[in-house]
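Peer 1: Here it is: the structure, laid out below.
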Amino acid sequence: MTGAGLPTRRLFFACWPTPAVRAMLCRETGARVRHCGGLPVAPADLHLTLAFLGQVDDAQQAALVAAARRLAVPDFSLALDRYGWFEAAQVLWLGCREVPAALARLAGELAGQARAAGLQPDPRPFRPHVTLARKVRNPPDLAPPRMLTWPVGDFALVESLAAPAGLRYRLCRRFPDSG
Ligand code: 3AM
C-alpha cells in the first residue's frame, strides 16, 4: 500500500536472462555456488538489477511502462568476468570488470524514469551484478571465472514476491515487448 492506501507491487527493472543465458550462468557458476557455503539463488530467479523501484502503485507502473517503451532497445554484450562478495549483504555475485557504457546509461535512464514517477530509486552507485548466493558468511573463492558473454537485447520489469521460502521473482514484461 502507498501512504494514500493504494495497492502496490514491489518492482524493479532488470536484465532478465534468456533461457540459454540462464543455462550458461548455471553451468559455469554451479561449482562455485555449491562451495560458497551460502544459499543459492534459484536458477529461474537469476537476474541483473538495473533499478530497484520499491512499492509501485498502478498509475506509477503505467507511467513507468510507457516511459520504458520509449527507451532505445539495448544492444550490447556484457562480459561477465569476475566474482565478487558484498560482505555486509553476505552475497556472492558475478559481475564485470568493465561496465559497458550502454549498461550504465540504461540503468541511469531507468532511475531517472523512476524519479519522474515519484519514486526514490537506490541512491548508491550502480554496481551491476548477478546475485548467485545469499547468506555467504565467509569470504568465498573469488578466482575469476572463464569469461561469459551475455548478449543483452532487452530489459524487464520484474515483481518481487514474498514467498514462504524467501523472495521469488515474477517477470511482468520485457522491453521491447516480445509479442
Ligand atoms: O539484484 P540483487 O539480488 O542484488 O537486494 C535486492 C535485489 O538485489 C534489491 O533489489 C533486487 C531485487 O529485489 N533491493 C531490495 N530492496 C532494495 C532497496 N531498498 C534493493 N535495492 C535497493 N534498495
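Labels for the C-alpha cells follow display order: chains A, B, ..., residues from 1 in each chain, ligands from 1.
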Contacts of Arg127 (chain A) at 12 Å or less, counting only C-alpha atoms, minus same-chain residues fewer than 4 places along, as JSON, numbers by chain?
Peer 2: {"A": [48, 49, 50, 51, 84, 85, 86, 93, 94, 95, 96, 97, 98, 99, 100, 103, 104, 107, 108, 122, 123, 131]}
Peer 1: Determine which residues of region 18-159 of chain A receive a DSSP assignment of strand (DSSP E), computed from the backbone, and state them as a PyMOL selection string.
Peer 2: chain A and resi 39-40+48-57+76-80+82-86+91-95+129-134+148-152+155-159
Peer 1: Between A:Leu132, A:Leu157, A:Leu46, A:Ala59, single out the one closest to Ala31 (chain A), counting only C-alpha atoms.
Peer 2: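 Of all the options, A:Leu132 lies closest to Ala31 (chain A).
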Peer 1: Apply DSSP to the backbone of this structure and, from region 76-116 of chain A, keep only the residues in helix (DSSP H, G or I); write these as a list of chain:residue names.
Peer 2: A:Ala101, A:Ala102, A:Leu103, A:Ala104, A:Arg105, A:Leu106, A:Ala107, A:Gly108, A:Glu109, A:Leu110, A:Ala111, A:Gly112, A:Gln113, A:Ala114, A:Arg115, A:Ala116
Peer 1: Could you turn the residues from that selection into a file that holds C-alpha atoms, as an mmCIF file, in the first residue's frame?
Peer 2:
data_model
loop_
_atom_site.group_PDB
_atom_site.id
_atom_site.type_symbol
_atom_site.label_atom_id
_atom_site.label_comp_id
_atom_site.auth_asym_id
_atom_site.auth_seq_id
_atom_site.Cartn_x
_atom_site.Cartn_y
_atom_site.Cartn_z
ATOM 1 C CA ALA A 101 28.645 2.399 -21.207
ATOM 2 C CA ALA A 102 25.325 1.236 -22.667
ATOM 3 C CA LEU A 103 24.526 -0.685 -19.473
ATOM 4 C CA ALA A 104 25.345 2.274 -17.212
ATOM 5 C CA ARG A 105 23.292 4.543 -19.475
ATOM 6 C CA LEU A 106 20.271 2.215 -19.385
ATOM 7 C CA ALA A 107 20.399 1.964 -15.582
ATOM 8 C CA GLY A 108 20.701 5.749 -15.310
ATOM 9 C CA GLU A 109 17.761 6.325 -17.651
ATOM 10 C CA LEU A 110 15.557 3.904 -15.706
ATOM 11 C CA ALA A 111 16.490 5.539 -12.404
ATOM 12 C CA GLY A 112 15.546 8.868 -13.989
ATOM 13 C CA GLN A 113 12.177 7.462 -15.076
ATOM 14 C CA ALA A 114 11.607 6.176 -11.559
ATOM 15 C CA ARG A 115 12.260 9.618 -10.087
ATOM 16 C CA ALA A 116 9.936 11.136 -12.683
#
Peer 1: Within 9 Å of ligand 1, counting only C-alpha atoms and all ligand atoms, which protein or nucleic acid residues do you find, written as a PyMOL selection string?
Peer 2: chain A and resi 10-14+41+45-54+89+91+93+121-124+128-134+158-161+167-169
Peer 1: Pick from A:Ala68, A:Leu92, A:Val56, A:Val152: nearest to Arg9 (chain A), with only C-alpha atoms counted?
Peer 2: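 Under the stated criterion, the closest residue is A:Val56.
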Peer 1: Write out as number ranges by chain which residues come within 12 Å of Pro176 (chain A) when counting only C-alpha atoms, dropping same-chain ones fewer than 2 positions away.
Peer 2: A: 65-75, 152-157, 173-174, 178-179
Peer 1: Keeping N, CA and C atoms for every residue in the selection just given, could you write it to a file as a PDB file, in the first residue's frame?
Peer 2:
ATOM      1  N   VAL A  65       5.932   1.943 -17.434  1.00  0.00           N
ATOM      2  CA  VAL A  65       5.873   1.088 -18.626  1.00  0.00           C
ATOM      3  C   VAL A  65       5.900   1.950 -19.888  1.00  0.00           C
ATOM      4  N   ALA A  66       5.117   3.038 -19.892  1.00  0.00           N
ATOM      5  CA  ALA A  66       5.094   3.920 -21.073  1.00  0.00           C
ATOM      6  C   ALA A  66       6.482   4.508 -21.304  1.00  0.00           C
ATOM      7  N   ALA A  67       7.153   4.922 -20.229  1.00  0.00           N
ATOM      8  CA  ALA A  67       8.487   5.523 -20.373  1.00  0.00           C
ATOM      9  C   ALA A  67       9.500   4.477 -20.833  1.00  0.00           C
ATOM     10  N   ALA A  68       9.422   3.279 -20.276  1.00  0.00           N
ATOM     11  CA  ALA A  68      10.377   2.230 -20.639  1.00  0.00           C
ATOM     12  C   ALA A  68      10.222   1.844 -22.109  1.00  0.00           C
ATOM     13  N   ARG A  69       8.993   1.885 -22.607  1.00  0.00           N
ATOM     14  CA  ARG A  69       8.765   1.538 -24.023  1.00  0.00           C
ATOM     15  C   ARG A  69       9.379   2.558 -24.961  1.00  0.00           C
ATOM     16  N   ARG A  70       9.599   3.768 -24.473  1.00  0.00           N
ATOM     17  CA  ARG A  70      10.190   4.809 -25.330  1.00  0.00           C
ATOM     18  C   ARG A  70      11.720   4.756 -25.343  1.00  0.00           C
ATOM     19  N   LEU A  71      12.321   3.991 -24.436  1.00  0.00           N
ATOM     20  CA  LEU A  71      13.790   3.938 -24.388  1.00  0.00           C
ATOM     21  C   LEU A  71      14.329   3.143 -25.571  1.00  0.00           C
ATOM     22  N   ALA A  72      15.575   3.460 -25.943  1.00  0.00           N
ATOM     23  CA  ALA A  72      16.213   2.721 -27.035  1.00  0.00           C
ATOM     24  C   ALA A  72      16.359   1.248 -26.635  1.00  0.00           C
ATOM     25  N   VAL A  73      16.227   0.374 -27.616  1.00  0.00           N
ATOM     26  CA  VAL A  73      16.369  -1.060 -27.362  1.00  0.00           C
ATOM     27  C   VAL A  73      17.832  -1.350 -27.031  1.00  0.00           C
ATOM     28  N   PRO A  74      18.113  -2.002 -25.898  1.00  0.00           N
ATOM     29  CA  PRO A  74      19.514  -2.317 -25.580  1.00  0.00           C
ATOM     30  C   PRO A  74      20.104  -3.269 -26.607  1.00  0.00           C
ATOM     31  N   ASP A  75      21.364  -3.103 -26.880  1.00  0.00           N
ATOM     32  CA  ASP A  75      22.048  -3.977 -27.835  1.00  0.00           C
ATOM     33  C   ASP A  75      23.540  -3.929 -27.508  1.00  0.00           C
ATOM     34  N   VAL A 152      22.912  -8.724 -24.441  1.00  0.00           N
ATOM     35  CA  VAL A 152      21.729  -8.080 -23.856  1.00  0.00           C
ATOM     36  C   VAL A 152      20.954  -7.359 -24.957  1.00  0.00           C
ATOM     37  N   GLY A 153      19.728  -7.828 -25.202  1.00  0.00           N
ATOM     38  CA  GLY A 153      18.915  -7.240 -26.255  1.00  0.00           C
ATOM     39  C   GLY A 153      17.593  -6.701 -25.748  1.00  0.00           C
ATOM     40  N   ASP A 154      17.411  -6.743 -24.440  1.00  0.00           N
ATOM     41  CA  ASP A 154      16.179  -6.203 -23.867  1.00  0.00           C
ATOM     42  C   ASP A 154      16.369  -6.010 -22.364  1.00  0.00           C
ATOM     43  N   PHE A 155      15.344  -5.535 -21.705  1.00  0.00           N
ATOM     44  CA  PHE A 155      15.351  -5.464 -20.244  1.00  0.00           C
ATOM     45  C   PHE A 155      13.924  -5.756 -19.779  1.00  0.00           C
ATOM     46  N   ALA A 156      13.735  -5.853 -18.480  1.00  0.00           N
ATOM     47  CA  ALA A 156      12.443  -6.350 -17.994  1.00  0.00           C
ATOM     48  C   ALA A 156      11.996  -5.598 -16.752  1.00  0.00           C
ATOM     49  N   LEU A 157      10.681  -5.600 -16.566  1.00  0.00           N
ATOM     50  CA  LEU A 157      10.078  -5.145 -15.309  1.00  0.00           C
ATOM     51  C   LEU A 157       9.709  -6.411 -14.530  1.00  0.00           C
ATOM     52  N   ARG A 173       7.006  -7.955 -17.665  1.00  0.00           N
ATOM     53  CA  ARG A 173       7.087  -7.770 -19.113  1.00  0.00           C
ATOM     54  C   ARG A 173       8.491  -7.405 -19.509  1.00  0.00           C
ATOM     55  N   ARG A 174       8.786  -7.707 -20.781  1.00  0.00           N
ATOM     56  CA  ARG A 174      10.086  -7.344 -21.338  1.00  0.00           C
ATOM     57  C   ARG A 174       9.927  -6.108 -22.201  1.00  0.00           C
ATOM     58  N   SER A 178       7.926  -8.741 -26.444  1.00  0.00           N
ATOM     59  CA  SER A 178       8.312  -9.853 -27.307  1.00  0.00           C
ATOM     60  C   SER A 178       7.221 -10.191 -28.311  1.00  0.00           C
ATOM     61  N   GLY A 179       5.965  -9.781 -28.044  1.00  0.00           N
ATOM     62  CA  GLY A 179       4.923 -10.186 -28.972  1.00  0.00           C
ATOM     63  C   GLY A 179       4.025  -9.076 -29.410  1.00  0.00           C
TER      64      GLY A 179
END
Peer 1: Between CA of Thr18 (chain A) and CA of Cys36 (chain A), what is the spacing in Å?
Peer 2: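 So the two atoms, CA of Cys36 (chain A) and CA of Thr18 (chain A), lie 25.2 Å apart.
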Peer 1: My list of candidates is A:Arg146, A:Gln60, A:Pro17, A:Arg32. Which is closest to Gly118 (chain A) when distances are computed with only C-alpha atoms?
Peer 2: A:Gln60
Peer 1: Could you tell me which of A:Val21, A:Gln55, A:Leu171, A:Trp150 comes closest to Leu78 (chain A) if we count only C-alpha atoms?
Peer 2: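 Closest residue, counting only C-alpha atoms: A:Trp150.
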